$ cat structure_19.tsv   # TSV, C-alpha atoms
chain	number	residue	atom	x	y	z
A	25	MET	CA	-19.57	160.56	72.55
A	26	LYS	CA	-20.07	164.28	73.20
A	27	LYS	CA	-21.75	163.57	76.54
A	28	GLU	CA	-18.81	161.38	77.59
A	29	SER	CA	-16.26	164.06	76.66
A	30	SER	CA	-18.38	166.57	78.58
A	31	LYS	CA	-18.13	164.37	81.68
A	32	ILE	CA	-14.37	164.09	81.27
A	33	SER	CA	-14.08	167.85	80.76
A	34	LYS	CA	-16.13	168.53	83.88
A	35	PHE	CA	-14.07	166.04	85.89
A	36	PHE	CA	-10.71	167.51	84.87
A	37	TYR	CA	-11.98	171.05	85.30
A	38	THR	CA	-13.10	170.21	88.84
A	39	TRP	CA	-9.88	168.38	89.62
A	40	ILE	CA	-7.69	171.24	88.43
A	41	PHE	CA	-9.81	173.84	90.19
A	42	LEU	CA	-9.71	171.95	93.49
A	43	PHE	CA	-5.97	171.40	93.19
A	44	VAL	CA	-5.37	175.11	92.56
A	45	LEU	CA	-7.57	175.86	95.56
A	46	TRP	CA	-5.52	173.37	97.60
A	47	MET	CA	-2.31	175.14	96.59
A	48	ALA	CA	-3.80	178.53	97.47
A	49	PHE	CA	-4.78	177.35	100.95
A	50	THR	CA	-1.57	175.47	101.74
A	51	THR	CA	0.74	178.11	100.18
A	52	SER	CA	3.43	175.46	99.97
A	53	LEU	CA	5.32	173.85	97.12
A	54	ASP	CA	6.58	171.02	99.31
A	55	ILE	CA	6.45	167.78	97.27
A	56	ALA	CA	4.52	165.91	99.98
A	57	GLU	CA	1.85	168.62	100.12
A	58	LEU	CA	1.57	168.72	96.32
A	59	ILE	CA	1.13	164.93	96.12
A	60	ALA	CA	-1.47	165.04	98.90
A	61	GLY	CA	-3.26	167.87	97.06
A	62	VAL	CA	-3.33	165.98	93.77
A	63	PHE	CA	-4.65	162.84	95.49
A	64	ILE	CA	-7.27	164.57	97.66
A	65	SER	CA	-8.44	166.78	94.77
A	66	PHE	CA	-8.77	163.66	92.60
A	67	ILE	CA	-10.89	161.83	95.19
A	68	ILE	CA	-13.15	164.83	95.83
A	69	SER	CA	-13.53	165.38	92.07
A	70	LEU	CA	-14.69	161.80	91.54
A	71	PHE	CA	-17.68	162.44	93.81
A	72	THR	CA	-18.46	166.07	92.99
A	73	TYR	CA	-17.70	166.83	89.34
A	74	LYS	CA	-21.35	166.30	88.31
A	75	PHE	CA	-22.48	169.00	90.73
A	76	PHE	CA	-19.45	171.28	90.68
A	77	THR	CA	-19.67	172.75	87.20
A	78	THR	CA	-22.19	172.96	84.42
A	79	THR	CA	-19.68	173.92	81.74
A	80	GLY	CA	-16.30	172.28	82.25
A	81	PHE	CA	-13.56	173.69	80.02
A	82	SER	CA	-16.07	175.08	77.51
A	83	ILE	CA	-16.20	178.27	79.58
A	84	LEU	CA	-12.51	178.91	78.94
A	85	THR	CA	-12.72	180.34	75.43
A	86	PRO	CA	-10.99	183.68	74.79
A	87	LYS	CA	-14.34	185.37	74.07
A	88	LYS	CA	-15.92	184.14	77.30
A	89	ILE	CA	-12.84	185.02	79.34
A	90	PHE	CA	-12.93	188.54	77.87
A	91	TYR	CA	-16.60	188.94	78.82
A	92	PHE	CA	-15.95	187.50	82.29
A	93	ILE	CA	-13.25	190.11	82.89
A	94	LYS	CA	-15.60	192.78	81.53
A	95	TYR	CA	-18.29	191.48	83.89
A	96	LEU	CA	-15.96	191.85	86.86
A	97	PHE	CA	-15.28	195.49	85.97
A	98	VAL	CA	-18.97	196.24	85.42
A	99	PHE	CA	-19.87	194.52	88.70
A	100	ILE	CA	-17.25	196.51	90.63
A	101	ILE	CA	-18.47	199.80	89.12
A	102	GLU	CA	-22.11	198.96	89.94
A	103	LEU	CA	-21.07	197.90	93.44
A	104	ILE	CA	-19.29	201.20	94.07
A	105	LYS	CA	-22.22	203.25	92.72
A	106	ALA	CA	-24.72	201.33	94.87
A	107	ASN	CA	-22.52	201.72	97.96
A	108	PHE	CA	-22.45	205.48	97.50
A	109	ASP	CA	-26.25	205.57	97.03
A	110	VAL	CA	-26.87	203.62	100.23
A	111	ALA	CA	-24.20	205.62	102.12
A	112	ARG	CA	-26.02	208.85	101.15
A	113	ILE	CA	-29.20	207.48	102.75
A	114	VAL	CA	-27.34	206.41	105.89
A	115	ILE	CA	-25.72	209.85	106.22
A	116	ASN	CA	-28.96	211.71	105.43
A	117	PRO	CA	-31.89	209.53	106.54
A	118	LYS	CA	-34.38	212.18	105.35
A	119	LEU	CA	-33.72	211.23	101.74
A	120	PRO	CA	-36.77	209.49	100.28
A	121	ILE	CA	-36.74	205.74	99.82
A	122	ASN	CA	-39.47	203.49	98.54
A	123	PRO	CA	-38.67	199.89	99.57
A	124	GLY	CA	-40.59	196.98	98.16
A	125	ILE	CA	-40.37	193.65	96.38
A	126	VAL	CA	-40.37	193.77	92.59
A	127	GLU	CA	-40.40	191.14	89.89
A	128	VAL	CA	-37.51	191.05	87.42
A	129	GLU	CA	-37.92	188.83	84.38
A	130	SER	CA	-34.64	187.30	83.26
A	131	LYS	CA	-33.72	186.31	79.72
A	132	LEU	CA	-31.14	183.81	80.96
A	133	THR	CA	-31.90	180.13	80.42
A	134	SER	CA	-29.07	178.54	82.39
A	135	ASP	CA	-29.79	177.99	86.09
A	136	PHE	CA	-26.13	178.70	86.85
A	137	ALA	CA	-26.29	182.04	85.01
A	138	LYS	CA	-29.47	182.95	86.91
A	139	MET	CA	-27.69	182.15	90.16
A	140	ILE	CA	-24.78	184.43	89.18
A	141	LEU	CA	-27.28	187.19	88.31
A	142	ALA	CA	-29.17	186.75	91.59
A	143	ASN	CA	-25.96	186.85	93.61
A	144	SER	CA	-24.73	189.93	91.74
A	145	ILE	CA	-28.00	191.70	92.49
A	146	THR	CA	-27.83	190.66	96.14
A	147	LEU	CA	-24.21	191.78	96.54
A	148	THR	CA	-25.12	195.23	95.24
A	149	PRO	CA	-26.31	197.35	98.21
A	150	GLY	CA	-29.95	198.41	98.02
A	151	THR	CA	-31.12	195.15	96.43
A	152	LEU	CA	-31.64	191.62	97.70
A	153	THR	CA	-32.81	188.68	95.61
A	154	VAL	CA	-35.49	186.96	97.64
A	155	ASP	CA	-36.52	184.15	95.31
A	156	ILE	CA	-36.13	182.78	91.78
A	157	ILE	CA	-39.10	181.08	90.15
A	158	ASP	CA	-38.55	179.98	86.55
A	159	ASN	CA	-37.29	183.13	84.79
A	160	LYS	CA	-38.55	185.54	87.43
A	161	LEU	CA	-36.39	186.97	90.15
A	162	PHE	CA	-38.12	188.58	93.11
A	163	VAL	CA	-35.95	191.37	94.43
A	164	HIS	CA	-36.30	193.55	97.51
A	165	TRP	CA	-35.37	196.97	96.20
A	166	LEU	CA	-34.70	200.08	98.25
A	167	TYR	CA	-35.74	202.46	95.46
A	168	VAL	CA	-38.85	201.04	93.80
A	169	LYS	CA	-39.47	203.37	90.84
A	170	GLY	CA	-42.34	201.48	89.28
A	171	THR	CA	-43.92	198.08	89.13
A	172	ASP	CA	-43.67	197.36	85.42
A	173	THR	CA	-41.19	194.60	84.72
A	174	GLU	CA	-39.33	196.48	81.96
A	175	THR	CA	-38.42	199.38	84.27
A	176	THR	CA	-37.30	197.10	87.07
A	177	TYR	CA	-35.33	194.92	84.64
A	178	ASN	CA	-33.51	197.94	83.19
A	179	GLU	CA	-32.71	199.39	86.62
A	180	ILE	CA	-31.67	196.19	88.40
A	181	ALA	CA	-30.59	193.41	86.04
A	182	LYS	CA	-29.92	194.66	82.51
A	183	THR	CA	-26.32	195.75	83.09
A	184	PHE	CA	-25.37	192.35	84.50
A	185	GLU	CA	-27.52	190.21	82.23
A	186	ASP	CA	-26.26	191.71	78.96
A	187	ILE	CA	-22.81	190.35	79.75
A	188	LEU	CA	-23.90	187.09	81.41
A	189	ILE	CA	-25.81	186.12	78.26
A	190	LYS	CA	-22.54	186.30	76.30
A	191	ILE	CA	-20.75	184.13	78.86
A	192	TYR	CA	-23.26	181.41	79.71
A	193	GLU	CA	-25.76	181.20	76.86

$ encode --input "structure_19.tsv" --output "structure tokens"
Amino acid sequence: MKKESSKISKFFYTWIFLFVLWMAFTTSLDIAELIAGVFISFIISLFTYKFFTTTGFSILTPKKIFYFIKYLFVFIIELIKANFDVARIVINPKLPINPGIVEVESKLTSDFAKMILANSITLTPGTLTVDIIDNKLFVHWLYVKGTDTETTYNEIAKTFEDILIKIYE
């Protein structure tokens, strides 16, 4: 029974999300466009809900929403800090860098959460997630400070992962 309700939750979550996306793109409240959006979103949801979300409405608890908003703020702060670091190197190319690929071991178990972590790392200037194998992320890092996994984890992923665990695990 729980698996069936999970399917229904995922379907309705996908349908609502796609309909909201439809409304955002059309920017119209014309009745014909709304009906078309409901119908098209429904059809697309029938074929994609299994692949679209791993959580359905279960992600929409007040606690998880709070941590998601916190994650956005933390991500923006880390993004700004990393942009300034890379800008300093661009302005003064004599500053020392030590590029290389490092291994970061993740504590996340959900593939979706690992994907969010990898994308967050990649979107932060100075780092680029090259590959994910099991719980290991291989990251090209502009400032390699050591090869031990604990140091690289603390420098690259810890800030993001501490919050992602509370959202997706």

$ residues_near_point --input "structure_19.tsv" --point "(-13.0, 164.9, 87.3)" --cutoff "8 Å" --atoms "all atoms listed in the file" --output "list in words"
Lys31, Ile32, Ser33, Lys34, Phe35, Phe36, Tyr37, Thr38, Trp39, Phe66, Ser69, Leu70, Thr72 and Tyr73 of chain A

$ write_last_selection --input "structure_19.tsv" --atoms "C-alpha atoms" --output "PDB file, keeping the file's coordinate frame"
ATOM      1  CA  LYS A  31     -18.130 164.370  81.680  1.00  0.00           C
ATOM      2  CA  ILE A  32     -14.370 164.090  81.270  1.00  0.00           C
ATOM      3  CA  SER A  33     -14.080 167.850  80.760  1.00  0.00           C
ATOM      4  CA  LYS A  34     -16.130 168.530  83.880  1.00  0.00           C
ATOM      5  CA  PHE A  35     -14.070 166.040  85.890  1.00  0.00           C
ATOM      6  CA  PHE A  36     -10.710 167.510  84.870  1.00  0.00           C
ATOM      7  CA  TYR A  37     -11.980 171.050  85.300  1.00  0.00           C
ATOM      8  CA  THR A  38     -13.100 170.210  88.840  1.00  0.00           C
ATOM      9  CA  TRP A  39      -9.880 168.380  89.620  1.00  0.00           C
ATOM     10  CA  PHE A  66      -8.770 163.660  92.600  1.00  0.00           C
ATOM     11  CA  SER A  69     -13.530 165.380  92.070  1.00  0.00           C
ATOM     12  CA  LEU A  70     -14.690 161.800  91.540  1.00  0.00           C
ATOM     13  CA  THR A  72     -18.460 166.070  92.990  1.00  0.00           C
ATOM     14  CA  TYR A  73     -17.700 166.830  89.340  1.00  0.00           C
TER      15      TYR A  73
END

$ closest_residue --input "structure_19.tsv" --among "A:Pro117, A:Trp46, A:Ile187, A:Pro123" --to "Ser65 of chain A" --atoms "all atoms listed in the file"
A:Trp46

$ atom_distance --input "structure_19.tsv" --atom1 "atom CA of Val128 of chain A" --atom2 "atom CA of Glu185 of chain A"
11.3 Å

$ residues_around --input "structure_19.tsv" --residues "Glu193 of chain A" --least-positions-apart "3" --cutoff "9 Å" --atoms "only C-alpha atoms" --output "count of residues only"
7

$ atom_distance --input "structure_19.tsv" --atom1 "atom CA of Gly170 of chain A" --atom2 "atom CA of Leu152 of chain A"
16.8 Å

$ residues_around --input "structure_19.tsv" --residues "Thr176 of chain A" --least-positions-apart "3" --cutoff "10 Å" --atoms "all atoms listed in the file" --output "ChimeraX atom specification"
/A:126-129,163,165,168-173,179-182

$ residues_around --input "structure_19.tsv" --residues "Gly150 of chain A" --least-positions-apart "4" --cutoff "12 Å" --atoms "only C-alpha atoms" --output "PyMOL selection string"
chain A and resi 102-114+121-125+144-146+163-168+179-180

$ write_last_selection --input "structure_19.tsv" --atoms "C-alpha atoms" --output "JSON list (two decimals), in the frame of the given file"
[["chain", "number", "residue", "atom", "x", "y", "z"],
["A", 102, "GLU", "CA", -22.11, 198.96, 89.94],
["A", 103, "LEU", "CA", -21.07, 197.90, 93.44],
["A", 104, "ILE", "CA", -19.29, 201.20, 94.07],
["A", 105, "LYS", "CA", -22.22, 203.25, 92.72],
["A", 106, "ALA", "CA", -24.72, 201.33, 94.87],
["A", 107, "ASN", "CA", -22.52, 201.72, 97.96],
["A", 108, "PHE", "CA", -22.45, 205.48, 97.50],
["A", 109, "ASP", "CA", -26.25, 205.57, 97.03],
["A", 110, "VAL", "CA", -26.87, 203.62, 100.23],
["A", 111, "ALA", "CA", -24.20, 205.62, 102.12],
["A", 112, "ARG", "CA", -26.02, 208.85, 101.15],
["A", 113, "ILE", "CA", -29.20, 207.48, 102.75],
["A", 114, "VAL", "CA", -27.34, 206.41, 105.89],
["A", 121, "ILE", "CA", -36.74, 205.74, 99.82],
["A", 122, "ASN", "CA", -39.47, 203.49, 98.54],
["A", 123, "PRO", "CA", -38.67, 199.89, 99.57],
["A", 124, "GLY", "CA", -40.59, 196.98, 98.16],
["A", 125, "ILE", "CA", -40.37, 193.65, 96.38],
["A", 144, "SER", "CA", -24.73, 189.93, 91.74],
["A", 145, "ILE", "CA", -28.00, 191.70, 92.49],
["A", 146, "THR", "CA", -27.83, 190.66, 96.14],
["A", 163, "VAL", "CA", -35.95, 191.37, 94.43],
["A", 164, "HIS", "CA", -36.30, 193.55, 97.51],
["A", 165, "TRP", "CA", -35.37, 196.97, 96.20],
["A", 166, "LEU", "CA", -34.70, 200.08, 98.25],
["A", 167, "TYR", "CA", -35.74, 202.46, 95.46],
["A", 168, "VAL", "CA", -38.85, 201.04, 93.80],
["A", 179, "GLU", "CA", -32.71, 199.39, 86.62],
["A", 180, "ILE", "CA", -31.67, 196.19, 88.40]]

$ closest_residue --input "structure_19.tsv" --among "A:Ala142, A:Ile115, A:Ile191, A:Ile40" --to "Phe76 of chain A" --atoms "only C-alpha atoms"
A:Ile40

$ residues_near_point --input "structure_19.tsv" --point "(-17.7, 184.2, 82.5)" --cutoff "8 Å" --atoms "only C-alpha atoms" --output "JSON, numbers by chain"
{"A": [83, 88, 89, 90, 91, 92, 93, 95, 188, 191, 192]}

$ atom_distance --input "structure_19.tsv" --atom1 "atom CA of Lys160 of chain A" --atom2 "atom CA of Ser130 of chain A"
6.0 Å

$ decode --input "structure_19.tsv" --residues "segment 55-193 of chain A" --atoms "C-alpha atoms" --output "short mmCIF file (atom, residue, chain, number, x, y, z; two decimals), in the first residue's frame"
data_model
loop_
_atom_site.label_atom_id
_atom_site.label_comp_id
_atom_site.auth_asym_id
_atom_site.auth_seq_id
_atom_site.Cartn_x
_atom_site.Cartn_y
_atom_site.Cartn_z
CA ILE A 55 -8.54 29.77 -19.51
CA ALA A 56 -7.58 28.03 -22.76
CA GLU A 57 -3.88 28.13 -21.85
CA LEU A 58 -4.58 26.87 -18.33
CA ILE A 59 -6.65 23.94 -19.65
CA ALA A 60 -3.93 23.11 -22.19
CA GLY A 61 -1.32 23.28 -19.40
CA VAL A 62 -3.29 20.95 -17.13
CA PHE A 63 -3.80 18.46 -19.97
CA ILE A 64 -0.22 18.54 -21.30
CA SER A 65 1.27 18.39 -17.79
CA PHE A 66 -0.96 15.39 -17.04
CA ILE A 67 0.15 13.51 -20.17
CA ILE A 68 3.84 14.23 -19.59
CA SER A 69 3.50 13.22 -15.92
CA LEU A 70 2.02 9.85 -16.88
CA PHE A 71 5.22 8.97 -18.74
CA THR A 72 7.83 10.67 -16.56
CA TYR A 73 6.80 10.59 -12.89
CA LYS A 74 8.92 7.48 -12.21
CA PHE A 75 12.04 9.29 -13.37
CA PHE A 76 11.19 12.86 -12.38
CA THR A 77 11.36 12.65 -8.61
CA THR A 78 12.65 10.27 -6.00
CA THR A 79 10.68 11.79 -3.13
CA GLY A 80 7.29 13.08 -4.21
CA PHE A 81 5.56 15.20 -1.57
CA SER A 82 7.63 13.70 1.25
CA ILE A 83 10.22 16.42 0.62
CA LEU A 84 7.71 19.12 1.51
CA THR A 85 7.85 18.89 5.29
CA PRO A 86 8.46 22.13 7.23
CA LYS A 87 11.80 20.82 8.52
CA LYS A 88 13.06 19.91 5.04
CA ILE A 89 11.82 23.18 3.55
CA PHE A 90 13.69 25.07 6.30
CA TYR A 91 16.91 23.17 5.54
CA PHE A 92 16.43 23.67 1.79
CA ILE A 93 16.18 27.44 2.31
CA LYS A 94 19.23 27.27 4.59
CA TYR A 95 21.04 25.30 1.88
CA LEU A 96 20.29 28.01 -0.68
CA PHE A 97 21.81 30.67 1.59
CA VAL A 98 24.87 28.55 2.35
CA PHE A 99 25.32 27.77 -1.35
CA ILE A 100 25.10 31.46 -2.30
CA ILE A 101 27.65 32.42 0.38
CA GLU A 102 30.05 29.67 -0.75
CA LEU A 103 29.52 30.70 -4.38
CA ILE A 104 30.39 34.33 -3.63
CA LYS A 105 33.49 33.35 -1.61
CA ALA A 106 34.72 31.03 -4.37
CA ASN A 107 34.12 33.70 -7.03
CA PHE A 108 36.27 36.16 -5.11
CA ASP A 109 39.03 33.54 -4.69
CA VAL A 110 39.11 32.77 -8.40
CA ALA A 111 38.84 36.48 -9.31
CA ARG A 112 41.94 37.17 -7.17
CA ILE A 113 43.87 34.60 -9.22
CA VAL A 114 42.63 36.07 -12.50
CA ILE A 115 43.63 39.58 -11.42
CA ASN A 116 46.98 38.45 -10.00
CA PRO A 117 48.11 35.34 -11.91
CA LYS A 118 51.29 35.12 -9.80
CA LEU A 119 49.28 33.82 -6.86
CA PRO A 120 50.11 30.16 -6.24
CA ILE A 121 47.66 27.49 -7.31
CA ASN A 122 47.97 23.75 -7.05
CA PRO A 123 45.42 22.15 -9.42
CA GLY A 124 44.68 18.47 -9.31
CA ILE A 125 42.01 15.81 -8.99
CA VAL A 126 41.11 14.74 -5.47
CA GLU A 127 38.82 12.12 -4.03
CA VAL A 128 35.98 13.24 -1.76
CA GLU A 129 34.13 10.53 0.14
CA SER A 130 30.46 11.35 0.60
CA LYS A 131 28.26 10.22 3.47
CA LEU A 132 25.11 10.62 1.37
CA THR A 133 23.27 7.44 0.40
CA SER A 134 20.69 8.85 -2.01
CA ASP A 135 21.84 9.12 -5.63
CA PHE A 136 19.75 12.28 -6.00
CA ALA A 137 21.46 13.89 -2.99
CA LYS A 138 24.87 12.96 -4.41
CA MET A 139 23.89 14.58 -7.69
CA ILE A 140 22.88 17.78 -5.85
CA LEU A 141 26.21 17.72 -3.99
CA ALA A 142 28.19 17.15 -7.19
CA ASN A 143 26.38 19.98 -8.97
CA SER A 144 26.88 22.32 -6.02
CA ILE A 145 30.60 21.57 -6.04
CA THR A 146 30.78 22.08 -9.81
CA LEU A 147 28.88 25.38 -9.68
CA THR A 148 31.35 26.73 -7.13
CA PRO A 149 34.30 28.27 -9.03
CA GLY A 150 37.61 26.50 -8.49
CA THR A 151 36.06 23.02 -8.33
CA LEU A 152 34.60 20.66 -10.90
CA THR A 153 33.12 17.25 -10.16
CA VAL A 154 34.58 14.90 -12.75
CA ASP A 155 33.01 11.60 -11.73
CA ILE A 156 30.97 9.86 -9.03
CA ILE A 157 31.71 6.23 -8.24
CA ASP A 158 29.70 4.75 -5.37
CA ASN A 159 30.25 7.21 -2.49
CA LYS A 160 33.36 8.80 -3.97
CA LEU A 161 33.33 12.05 -5.88
CA PHE A 162 36.37 12.87 -7.97
CA VAL A 163 36.82 16.62 -8.05
CA HIS A 164 39.21 18.80 -10.02
CA TRP A 165 40.29 21.35 -7.45
CA LEU A 166 42.24 24.53 -8.09
CA TYR A 167 43.76 24.62 -4.59
CA VAL A 168 44.78 21.06 -3.67
CA LYS A 169 45.91 21.34 -0.04
CA GLY A 170 46.49 17.67 0.61
CA THR A 171 45.52 14.25 -0.62
CA ASP A 172 43.94 12.81 2.50
CA THR A 173 40.21 12.38 2.08
CA GLU A 174 39.28 14.06 5.38
CA THR A 175 40.98 17.34 4.42
CA THR A 176 39.46 17.39 0.96
CA TYR A 177 36.03 16.49 2.36
CA ASN A 178 36.17 19.32 4.90
CA GLU A 179 37.35 21.87 2.34
CA ILE A 180 35.06 20.93 -0.55
CA ALA A 181 31.93 19.06 0.52
CA LYS A 182 31.29 19.28 4.27
CA THR A 183 29.44 22.60 4.21
CA PHE A 184 27.00 21.35 1.58
CA GLU A 185 26.69 17.77 2.78
CA ASP A 186 25.85 18.64 6.40
CA ILE A 187 22.64 20.27 5.18
CA LEU A 188 21.87 17.82 2.35
CA ILE A 189 21.88 14.93 4.83
CA LYS A 190 19.05 16.65 6.74
CA ILE A 191 17.04 17.14 3.55
CA TYR A 192 17.45 13.87 1.66
CA GLU A 193 18.45 11.20 4.17
#
